[in-house]
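J.: Contents of coords.cif (mmCIF, C-alpha atoms and all ligand atoms) are below:
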```cif
data_work
#
loop_
_atom_site.label_atom_id
_atom_site.label_comp_id
_atom_site.auth_asym_id
_atom_site.auth_seq_id
_atom_site.Cartn_x
_atom_site.Cartn_y
_atom_site.Cartn_z
CA MET A 1100 0.00 0.00 0.00
CA ASP A 1101 1.33 3.48 -0.71
CA ILE A 1102 2.18 5.71 2.25
CA GLN A 1103 -0.57 8.24 1.60
CA LYS A 1104 -3.20 5.46 1.53
CA GLU A 1105 -1.72 3.86 4.62
CA LEU A 1106 -1.88 7.15 6.54
CA GLU A 1107 -5.44 7.71 5.36
CA SER A 1108 -6.64 4.30 6.48
CA LYS A 1109 -5.10 4.82 9.95
CA ILE A 1110 -6.77 8.24 10.23
CA LYS A 1111 -10.12 6.71 9.19
CA VAL A 1112 -9.90 3.92 11.77
CA ILE A 1113 -9.04 6.39 14.57
CA THR A 1114 -11.85 8.75 13.55
CA ASP A 1115 -14.45 5.98 13.20
CA LYS A 1116 -13.55 4.55 16.62
CA TYR A 1117 -13.61 7.90 18.44
CA THR A 1118 -16.63 8.24 20.70
CA GLY A 1119 -15.69 11.46 22.52
CA ASP A 1120 -16.75 14.96 21.54
CA LYS A 1121 -18.42 15.65 18.20
CA THR A 1122 -16.38 15.58 15.01
CA GLY A 1123 -17.27 16.32 11.40
CA GLY A 1124 -15.18 14.32 8.95
CA TYR A 1125 -11.45 13.92 8.48
CA ILE A 1126 -8.67 14.62 5.98
CA THR A 1127 -5.06 13.60 5.35
CA GLY A 1128 -1.97 15.66 4.64
CA ASP A 1129 -1.37 16.87 1.09
CA GLY A 1130 1.75 17.15 -1.04
CA PRO A 1131 4.75 15.08 -2.03
CA ILE A 1132 6.32 12.35 0.13
CA PRO A 1133 9.25 12.74 0.72
CA CYS A 1134 9.48 16.53 0.83
CA ASP A 1135 12.02 19.01 2.27
CA ILE A 1136 9.41 21.40 3.67
CA LEU A 1137 6.54 20.28 5.91
CA PHE A 1138 3.94 22.67 7.31
CA VAL A 1139 1.83 21.41 10.22
CA GLY A 1140 -1.48 23.10 11.07
CA GLU A 1141 -4.05 22.55 13.78
CA ALA A 1142 -7.11 20.68 12.48
CA PRO A 1143 -9.29 20.89 9.38
CA GLY A 1144 -12.44 23.00 9.14
CA LYS A 1145 -15.57 22.68 6.99
CA ASN A 1146 -13.99 23.60 3.66
CA GLU A 1147 -11.07 21.27 4.19
CA VAL A 1148 -13.33 18.28 4.90
CA GLU A 1149 -15.51 19.12 1.90
CA GLU A 1150 -12.53 19.39 -0.44
CA LYS A 1151 -10.53 16.66 1.34
CA LYS A 1152 -7.47 18.92 1.46
CA PRO A 1153 -5.79 20.97 4.23
CA PHE A 1154 -5.81 24.77 4.18
CA VAL A 1155 -8.30 25.49 1.40
CA GLY A 1156 -10.61 27.82 3.39
CA MET A 1157 -10.03 31.39 4.54
CA ALA A 1158 -6.86 30.61 6.50
CA GLY A 1159 -5.64 28.59 3.53
CA LYS A 1160 -6.04 31.53 1.15
CA ASN A 1161 -3.87 33.69 3.44
CA PHE A 1162 -1.40 30.86 3.80
CA GLU A 1163 -1.05 30.39 0.05
CA LYS A 1164 -0.63 34.11 -0.57
CA TYR A 1165 2.34 34.30 1.80
CA LEU A 1166 3.73 30.98 0.58
CA ASN A 1167 3.74 32.31 -2.98
CA SER A 1168 5.26 35.61 -1.80
CA ILE A 1169 8.46 33.79 -0.80
CA GLY A 1170 8.68 31.94 -4.10
CA LEU A 1171 7.11 28.64 -2.99
CA SER A 1172 4.01 26.91 -4.28
CA ARG A 1173 1.79 24.23 -2.79
CA GLU A 1174 3.12 21.59 -5.20
CA LYS A 1175 6.58 21.98 -3.70
CA ILE A 1176 5.63 21.60 -0.05
CA ARG A 1177 3.71 19.14 2.09
CA ILE A 1178 1.05 20.38 4.44
CA THR A 1179 -0.68 18.42 7.17
CA ASN A 1180 -2.40 18.79 10.54
CA THR A 1181 -1.92 17.84 14.19
CA CYS A 1182 -5.47 16.57 14.54
CA PHE A 1183 -6.87 14.99 11.40
CA PHE A 1184 -10.58 15.12 12.11
CA ARG A 1185 -12.65 18.29 12.26
CA PRO A 1186 -13.52 19.06 15.89
CA ILE A 1187 -17.01 20.58 15.99
CA LYS A 1188 -19.53 21.84 18.48
CA LEU A 1189 -23.28 22.15 18.02
CA LYS A 1190 -25.20 25.14 19.26
CA GLU A 1191 -28.96 25.52 19.37
CA ASN A 1192 -30.18 29.08 18.92
CA PRO A 1193 -33.37 30.41 20.58
CA SER A 1194 -35.47 29.46 17.54
CA GLY A 1195 -34.32 25.85 17.89
CA ARG A 1196 -32.05 25.90 14.86
CA VAL A 1197 -28.80 23.98 15.38
CA THR A 1198 -25.57 25.48 14.04
CA ILE A 1199 -22.23 23.73 13.69
CA SER A 1200 -18.94 25.48 14.38
CA ASN A 1201 -15.28 24.55 14.71
CA ARG A 1202 -13.64 24.14 18.11
CA PRO A 1203 -9.97 23.70 18.97
CA PRO A 1204 -8.90 20.05 19.29
CA LYS A 1205 -8.57 18.75 22.86
CA THR A 1206 -5.23 17.39 24.05
CA LEU A 1207 -6.61 13.87 24.06
CA GLU A 1208 -7.76 14.33 20.45
CA VAL A 1209 -4.29 15.50 19.43
CA ASP A 1210 -2.90 12.47 21.26
CA LEU A 1211 -5.07 10.10 19.21
CA PHE A 1212 -3.06 11.09 16.14
CA ARG A 1213 0.44 11.08 17.70
CA GLU A 1214 1.55 7.93 15.93
CA VAL A 1215 0.06 8.97 12.58
CA LEU A 1216 1.75 12.36 12.60
CA ASP A 1217 5.05 10.85 13.74
CA GLU A 1218 4.81 8.34 10.92
CA GLU A 1219 3.99 11.04 8.38
CA ILE A 1220 7.02 13.06 9.54
CA LYS A 1221 9.22 9.96 9.25
CA PHE A 1222 8.14 9.27 5.66
CA VAL A 1223 8.11 12.92 4.55
CA ASN A 1224 11.57 13.26 6.12
CA PRO A 1225 11.54 17.09 5.89
CA LYS A 1226 14.59 19.29 6.34
CA VAL A 1227 12.37 21.71 8.21
CA ILE A 1228 8.97 21.52 9.91
CA ILE A 1229 7.01 24.77 10.08
CA THR A 1230 4.43 24.69 12.86
CA LEU A 1231 1.39 26.94 12.32
CA GLY A 1232 -0.01 28.16 15.64
CA ASN A 1233 0.07 26.79 19.16
CA VAL A 1234 -1.43 23.33 18.64
CA PRO A 1235 1.38 21.85 16.49
CA LEU A 1236 3.94 23.92 18.43
CA LYS A 1237 3.00 22.25 21.72
CA ARG A 1238 2.76 18.85 20.07
CA LEU A 1239 6.23 19.01 18.48
CA THR A 1240 8.30 21.25 20.80
CA ASN A 1241 8.60 22.23 24.45
CA PHE A 1242 7.68 25.87 23.78
CA LYS A 1243 4.65 27.04 25.72
CA SER A 1244 3.43 29.71 23.34
CA ILE A 1245 3.99 30.92 19.80
CA GLY A 1246 4.62 34.48 21.06
CA GLU A 1247 7.95 33.41 22.60
CA CYS A 1248 9.47 31.64 19.58
CA HIS A 1249 7.90 32.62 16.22
CA GLY A 1250 9.98 33.47 13.17
CA LYS A 1251 13.19 31.62 14.11
CA LEU A 1252 14.73 28.29 13.27
CA TYR A 1253 15.39 25.84 16.13
CA PHE A 1254 16.82 22.35 16.25
CA ASN A 1255 14.66 20.09 18.36
CA GLU A 1256 16.93 17.48 19.96
CA ASP A 1257 14.02 15.25 21.02
CA ILE A 1258 12.75 14.61 17.52
CA LYS A 1259 16.02 15.52 15.80
CA ARG A 1260 14.35 17.94 13.39
CA SER A 1261 14.64 21.63 12.52
CA ILE A 1262 11.49 23.49 13.53
CA PHE A 1263 10.41 26.95 12.44
CA PRO A 1264 7.40 28.13 14.52
CA MET A 1265 4.94 30.54 12.87
CA TYR A 1266 1.64 32.08 13.83
CA HIS A 1267 -1.41 30.34 12.41
CA PRO A 1268 -2.64 32.14 9.25
CA SER A 1269 -6.12 32.52 10.79
CA SER A 1270 -4.57 34.84 13.40
CA LEU A 1271 -4.50 37.46 10.62
CA THR A 1272 -8.29 37.46 10.75
CA TYR A 1273 -8.43 37.77 14.54
CA ASN A 1274 -5.65 40.32 14.88
CA ARG A 1275 -6.10 43.09 12.37
CA SER A 1276 -3.44 45.45 13.74
CA ASP A 1277 -0.84 46.73 11.28
CA GLU A 1278 1.86 45.78 13.76
CA PHE A 1279 0.80 42.14 13.84
CA HIS A 1280 0.50 41.97 10.06
CA ALA A 1281 4.02 43.40 9.74
CA THR A 1282 5.36 40.83 12.23
CA TYR A 1283 3.63 38.02 10.33
CA GLU A 1284 5.12 39.19 7.02
CA GLN A 1285 8.55 39.51 8.62
CA ASP A 1286 8.32 35.89 9.84
CA TRP A 1287 7.71 34.72 6.26
CA ASN A 1288 10.75 36.65 5.12
CA SER A 1289 12.77 35.07 7.92
CA LEU A 1290 11.52 31.67 6.77
CA LYS A 1291 12.67 32.45 3.24
CA GLU A 1292 16.15 33.25 4.60
CA ALA A 1293 16.20 30.15 6.84
CA LEU A 1294 15.29 27.91 3.89
CA LYS A 1295 18.39 29.08 2.01
CA ASN A 1296 20.56 27.41 4.65
CA ILE A 1297 18.84 24.10 5.16
N1 LIG B 1301 -6.61 25.39 9.82
C1 LIG B 1301 -5.78 24.38 10.14
O1 LIG B 1301 -5.09 24.42 11.13
N2 LIG B 1301 -5.73 23.34 9.30
C2 LIG B 1301 -6.42 23.26 8.19
O2 LIG B 1301 -6.30 22.28 7.48
C3 LIG B 1301 -7.28 24.34 7.88
C4 LIG B 1301 -7.36 25.39 8.71
#
```
Can I see the file as structure tokens?
Ligand code: URA
T.:
Amino acid sequence: MDIQKELESKIKVITDKYTGDKTGGYITGDGPIPCDILFVGEAPGKNEVEEKKPFVGMAGKNFEKYLNSIGLSREKIRITNTCFFRPIKLKENPSGRVTISNRPPKTLEVDLFREVLDEEIKFVNPKVIITLGNVPLKRLTNFKSIGECHGKLYFNEDIKRSIFPMYHPSSLTYNRSDEFHATYEQDWNSLKEALKNI
């Protein structure tokens, strides 16, 4: 079986067996295996599950814009998630209508996919892993928060990999300040520089 199919069948089994909080579908990583550059996000949302591909919604559009701005394209990178199913919550409004929204994955949900993500990293064998936001950061490093480490290259002795932490692209939607947008852009430029030396 090819690696992509193998990863997918493991993700499906884990998702089908999970009886905890509500979830709404699952996806796999996308892009070549092996690959020098691996981005790791948080968990898929509605658009991702519908299109069966990571980062195709709003956050994905921002991501791709910045990726292209440093001379990279999606075909040249692999992109995956820390939690492979879509964590959802249901809310009933006063008229009785139920709406579905995303929620952050719980630690135990991230833990369900430890082996799968470790296996994906092993097969992708990237020269650098770029973590997007706090969820993959905490899963793959000992940093406590993205604010303390973003925009620099580190070597993680535990997993013996170079890690470049970045803010999650959806933070651009939550934080509209010019200062934050400038910092975010600067981090992409720093990534471009870091990639020249890997
Ligand atoms: N946000 C993520 O963290 N991952 C996706 O795949 C999409 C949005």
J.: Quick one, how far is CA of Asp1286 in chain A from CA of Glu1247 in chain A?
T.: 13.0 Å
J.: As a list of chain:residue names, please: the residues near range 1115-1127 of chain A (cut-off 8 Å, all atoms listed in the file, same-chain neighbours under 4 positions excluded).
T.: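 So the residues in contact are A:Gln1103, A:Leu1106, A:Glu1107, A:Ile1110, A:Lys1111, A:Pro1143, A:Lys1145, A:Glu1147, A:Val1148, A:Lys1151, A:Lys1152, A:Pro1153, A:Thr1179, A:Asn1180, A:Phe1183, A:Phe1184, A:Arg1185, A:Pro1186, A:Ile1187, A:Lys1188.
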J.: When the cut-off is 8 Å and you count all atoms listed in the file, which residues lie near ligand LIG 1301 (chain B), shown as a ChimeraX atom specification?
T.: /A:1139-1144,1146-1147,1152-1159,1179-1181,1231-1232,1267-1269
J.: Go ahead and compute the interatomic distance for CA of Ala1293 in chain A and CA of Pro1264 in chain A, in Å to one decimal.
T.: 11.9 Å
J.: Which residue gives the smallest distance to Leu1290 in chain A among A:Lys1190, A:Asn1161, A:Thr1272, A:Gly1170, with all atoms listed in the file counted?
T.: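 Smallest separation from Leu1290 in chain A among the options: A:Gly1170.
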J.: Can you list, as a VMD selection string, every protein, DNA or RNA residue that comes within 10 Å of Lys1175 in chain A when you count only C-alpha atoms, leaving out same-chain residues fewer than 4 positions away?
T.: chain A and resid 1130 to 1131 1134 to 1137 1171
J.: Quick one: residues within 12 Å of Leu1294 in chain A, only C-alpha atoms counted, chain neighbours fewer than 2 positions away excluded, as a PyMOL selection string?
T.: chain A and resi 1135-1137+1169-1171+1225-1229+1251-1252+1261-1263+1287-1292+1296-1297
J.: To one decimal in Å, tell me the separation between CA of Ile1258 in chain A and CA of Val1215 in chain A.
T.: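 Taking CA of Ile1258 in chain A and CA of Val1215 in chain A, their separation equals 14.7 Å.
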J.: Hey, which of A:Met1265, A:Gly1250, A:Glu1208, A:Lys1104 ends up closest to Asn1233 in chain A? Count all atoms listed in the file.
T.: A:Met1265
J.: Out of A:Asp1210, A:Pro1203, A:Arg1275, A:Tyr1283, which residue has the shortest atom-to-atom distance to Gly1246 in chain A when counting all atoms listed in the file?
T.: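 Of A:Asp1210, A:Pro1203, A:Arg1275, A:Tyr1283, the one nearest Gly1246 in chain A is A:Tyr1283, counting all atoms listed in the file.
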J.: So which residues touch Ile1102 in chain A within 10 Å, counting only C-alpha atoms, skipping near sequence neighbours fewer than 6 positions away, as a list in words?
T.: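 Contacts, with the query itself left out: Ser1108, Ile1132, Glu1218, Glu1219, Phe1222 and Val1223 of chain A.
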J.: Write a file of the just-selected residues containing C-alpha atoms, as a PDB file, in the coordinates of the input.
T.:
```pdb
ATOM      1  CA  SER A1108      -6.640   4.300   6.480  1.00  0.00           C
ATOM      2  CA  ILE A1132       6.320  12.350   0.130  1.00  0.00           C
ATOM      3  CA  GLU A1218       4.810   8.340  10.920  1.00  0.00           C
ATOM      4  CA  GLU A1219       3.990  11.040   8.380  1.00  0.00           C
ATOM      5  CA  PHE A1222       8.140   9.270   5.660  1.00  0.00           C
ATOM      6  CA  VAL A1223       8.110  12.920   4.550  1.00  0.00           C
TER       7      VAL A1223
END
```
J.: Go through A:Leu1271, A:Asn1255, A:Leu1207, A:Phe1212 and flag the residue nearest Phe1242 in chain A, using only C-alpha atoms for the distances.
T.: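 So, comparing all the options, the nearest one is A:Asn1255.
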J.: Could you add N, CA, C and O atoms to range 1262-1281 of chain A and give me the result as a tab-separated table (two decimals), in the coordinates of the input?
T.:
```tsv
chain	number	residue	atom	x	y	z
A	1262	ILE	N	12.88	23.01	13.40
A	1262	ILE	CA	11.49	23.49	13.53
A	1262	ILE	C	11.48	25.01	13.41
A	1262	ILE	O	12.29	25.70	14.06
A	1263	PHE	N	10.56	25.51	12.61
A	1263	PHE	CA	10.41	26.95	12.44
A	1263	PHE	C	8.97	27.29	12.85
A	1263	PHE	O	8.03	27.06	12.09
A	1264	PRO	N	8.77	27.84	14.07
A	1264	PRO	CA	7.40	28.13	14.52
A	1264	PRO	C	6.85	29.41	13.87
A	1264	PRO	O	7.56	30.43	13.79
A	1265	MET	N	5.61	29.34	13.43
A	1265	MET	CA	4.94	30.54	12.87
A	1265	MET	C	3.56	30.67	13.51
A	1265	MET	O	2.98	29.69	13.97
A	1266	TYR	N	3.04	31.88	13.45
A	1266	TYR	CA	1.64	32.08	13.83
A	1266	TYR	C	0.75	31.33	12.83
A	1266	TYR	O	1.12	31.14	11.67
A	1267	HIS	N	-0.45	30.97	13.31
A	1267	HIS	CA	-1.41	30.34	12.41
A	1267	HIS	C	-1.96	31.41	11.46
A	1267	HIS	O	-2.23	32.53	11.89
A	1268	PRO	N	-2.14	31.10	10.17
A	1268	PRO	CA	-2.64	32.14	9.25
A	1268	PRO	C	-4.00	32.71	9.64
A	1268	PRO	O	-4.32	33.84	9.28
A	1269	SER	N	-4.81	31.95	10.40
A	1269	SER	CA	-6.12	32.52	10.79
A	1269	SER	C	-5.95	33.64	11.80
A	1269	SER	O	-6.88	34.43	12.01
A	1270	SER	N	-4.78	33.75	12.43
A	1270	SER	CA	-4.57	34.84	13.40
A	1270	SER	C	-4.62	36.21	12.70
A	1270	SER	O	-4.89	37.22	13.32
A	1271	LEU	N	-4.40	36.21	11.38
A	1271	LEU	CA	-4.50	37.46	10.62
A	1271	LEU	C	-5.93	37.99	10.64
A	1271	LEU	O	-6.16	39.19	10.57
A	1272	THR	N	-6.87	37.05	10.71
A	1272	THR	CA	-8.29	37.46	10.75
A	1272	THR	C	-8.67	37.97	12.14
A	1272	THR	O	-9.48	38.88	12.27
A	1273	TYR	N	-8.09	37.35	13.17
A	1273	TYR	CA	-8.43	37.77	14.54
A	1273	TYR	C	-7.70	39.04	14.94
A	1273	TYR	O	-8.22	39.86	15.67
A	1274	ASN	N	-6.46	39.16	14.48
A	1274	ASN	CA	-5.65	40.32	14.88
A	1274	ASN	C	-5.41	41.20	13.66
A	1274	ASN	O	-4.57	40.91	12.82
A	1275	ARG	N	-6.16	42.27	13.59
A	1275	ARG	CA	-6.10	43.09	12.37
A	1275	ARG	C	-5.13	44.25	12.49
A	1275	ARG	O	-5.08	45.11	11.62
A	1276	SER	N	-4.34	44.30	13.57
A	1276	SER	CA	-3.44	45.45	13.74
A	1276	SER	C	-2.32	45.42	12.69
A	1276	SER	O	-1.83	44.36	12.30
A	1277	ASP	N	-1.92	46.62	12.27
A	1277	ASP	CA	-0.84	46.73	11.28
A	1277	ASP	C	0.44	46.11	11.83
A	1277	ASP	O	1.20	45.48	11.10
A	1278	GLU	N	0.64	46.30	13.13
A	1278	GLU	CA	1.86	45.78	13.76
A	1278	GLU	C	1.92	44.25	13.64
A	1278	GLU	O	2.96	43.69	13.28
A	1279	PHE	N	0.80	43.61	13.93
A	1279	PHE	CA	0.80	42.14	13.84
A	1279	PHE	C	1.01	41.68	12.40
A	1279	PHE	O	1.78	40.76	12.13
A	1280	HIS	N	0.35	42.35	11.47
A	1280	HIS	CA	0.50	41.97	10.06
A	1280	HIS	C	1.95	42.13	9.60
A	1280	HIS	O	2.47	41.31	8.84
A	1281	ALA	N	2.62	43.18	10.10
A	1281	ALA	CA	4.02	43.40	9.74
A	1281	ALA	C	4.90	42.29	10.34
A	1281	ALA	O	5.82	41.78	9.68
```
